[in-house]
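**Q** My questions will all concern the structure given below.
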Amino acid sequence: MELHRIFVTQRRLRNSAQLPALIREVGLSLRVPPVVLGELEDGTVFIIDGHHRCLAYLFSGRDSLLWGEYVLCPVDHQKAMFGKLTDPSVIRRLLGE
């Protein structure tokens, strides 16, 4: 799943202090829980659970999630979306900058 396709559903991270450890774990290819993504009928994909993990993958230099690193759930309703994960302004807002 390409990270640039994914919309975020939080304005800010709840605990950005978790990020450095997650980035290390992802960089060392340690197993982290899968990201839970929702997919609407039109193909729109958004994060249900895993904003910190998605950013950790992104900050580790990854441009996609591999099979097994995410679960894709078909959904028939949409959460509020606040932009695409890879948009620099969205990243700054998530980090509280």
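Residue names in the structure tokens use chain letters A, B, ... in the order shown, residue numbers from 1 in each chain, and ligand numbers from 1 in the order shown.
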Please identify all polymer residues within 10 Å of Arg14 in chain A, counting only C-alpha atoms, omitting same-chain residues fewer than 5 positions from it, and present them as a PyMOL selection string.

**A** chain A and resi 51-52+94-96

**Q** Do you know which residues are at most 10 Å from Val71 in chain A counting only C-alpha atoms, after dropping those on the same chain fewer than 6 positions away, and could you put them as number ranges by chain?

**A** A: 33-38, 48-49

**Q** Return as a PyMOL selection string the full set of residues in chain A whose backbone-based DSSP assignment is strand (DSSP E).

**A** chain A and resi 6-7+35-39+45-49+70-74

**Q** Between A:Leu22, A:Met1, A:His77, A:Thr9, single out the one closest to Leu55 in chain A, counting only C-alpha atoms.

**A**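 Of A:Leu22, A:Met1, A:His77, A:Thr9, the one nearest Leu55 in chain A is A:Leu22, counting only C-alpha atoms.
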
**Q** Within 8 Å of Leu3 in chain A, counting only C-alpha atoms, which residues qualify if same-chain residues fewer than 6 places away don't, as number ranges by chain?

**A** A: 54, 58, 63-65, 85-86

**Q** Next, dump the selected residues to file, keeping only N, CA and C atoms, as a PDB file, in the first residue's frame.

**A**
ATOM      1  N   CYS A  54       2.410   4.631  10.740  1.00  0.00           N
ATOM      2  CA  CYS A  54       2.542   5.108   9.351  1.00  0.00           C
ATOM      3  C   CYS A  54       3.634   6.165   9.239  1.00  0.00           C
ATOM      4  N   LEU A  58       7.178   6.115   7.100  1.00  0.00           N
ATOM      5  CA  LEU A  58       7.525   7.229   6.226  1.00  0.00           C
ATOM      6  C   LEU A  58       8.886   7.818   6.604  1.00  0.00           C
ATOM      7  N   ASP A  63       8.264   4.127   1.234  1.00  0.00           N
ATOM      8  CA  ASP A  63       7.203   4.783   0.484  1.00  0.00           C
ATOM      9  C   ASP A  63       5.946   3.928   0.402  1.00  0.00           C
ATOM     10  N   SER A  64       6.013   2.747   1.035  1.00  0.00           N
ATOM     11  CA  SER A  64       4.827   1.889   1.041  1.00  0.00           C
ATOM     12  C   SER A  64       4.851   0.945   2.241  1.00  0.00           C
ATOM     13  N   LEU A  65       3.668   0.429   2.540  1.00  0.00           N
ATOM     14  CA  LEU A  65       3.522  -0.628   3.544  1.00  0.00           C
ATOM     15  C   LEU A  65       3.483  -1.949   2.809  1.00  0.00           C
ATOM     16  N   LEU A  85      -1.192  11.560   4.128  1.00  0.00           N
ATOM     17  CA  LEU A  85      -0.093  11.264   5.049  1.00  0.00           C
ATOM     18  C   LEU A  85       1.236  11.870   4.600  1.00  0.00           C
ATOM     19  N   THR A  86       1.510  11.892   3.312  1.00  0.00           N
ATOM     20  CA  THR A  86       2.822  12.345   2.830  1.00  0.00           C
ATOM     21  C   THR A  86       2.896  13.849   2.575  1.00  0.00           C
TER      22      THR A  86
END

**Q** Which residue gives the smallest distance to Ser60 in chain A among A:Arg24, A:Lys84, A:Arg31, A:Lys79, with only C-alpha atoms counted?

**A**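 Of A:Arg24, A:Lys84, A:Arg31, A:Lys79, the one nearest Ser60 in chain A, counting only C-alpha atoms, is A:Arg24.
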
**Q** Residues near Met81 in chain A, anyone? I mean within 10 Å using only C-alpha atoms, not counting same-chain ones fewer than 5 positions away, as a ChimeraX atom specification.

**A** /A:6-11,46-47

**Q** For a test of reading the model, state the distance in Å between CA of Leu40 in chain A and CA of Gln78 in chain A, rounded to one decimal.

**A**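 Interatomic distance here is 7.2 Å.
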
**Q** Counting only C-alpha atoms, what is within 12 Å of Ala21 in chain A, bar same-chain residues fewer than 3 positions away, as JSON, numbers by chain?

**A** {"A": [15, 16, 17, 18, 24, 25, 26, 27, 28, 30, 32, 52, 53, 55, 56, 57, 59, 60]}

**Q** By how many Å are CA of Asp42 in chain A and CA of Arg5 in chain A apart?

**A**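 If I compute the distance from CA of Asp42 in chain A to CA of Arg5 in chain A, I get 12.5 Å.
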
**Q** Quick one: distance from CA of Ser29 in chain A to CA of Glu2 in chain A in Å, one decimal?

**A**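 The value is 17.9 Å.
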
**Q** Select, from A:Gly68, A:Ala80, A:Gly50, A:Glu39, the residue with the minimum atom-to-atom distance to Leu19 in chain A, counting only C-alpha atoms.

**A**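 Closest residue, counting only C-alpha atoms: A:Gly50.
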
**Q** Among the residues of chain A, find those DSSP assigns to alpha helix (DSSP H) from the backbone and print them as a ChimeraX atom specification.

**A** /A:19-27,51-59,88-94
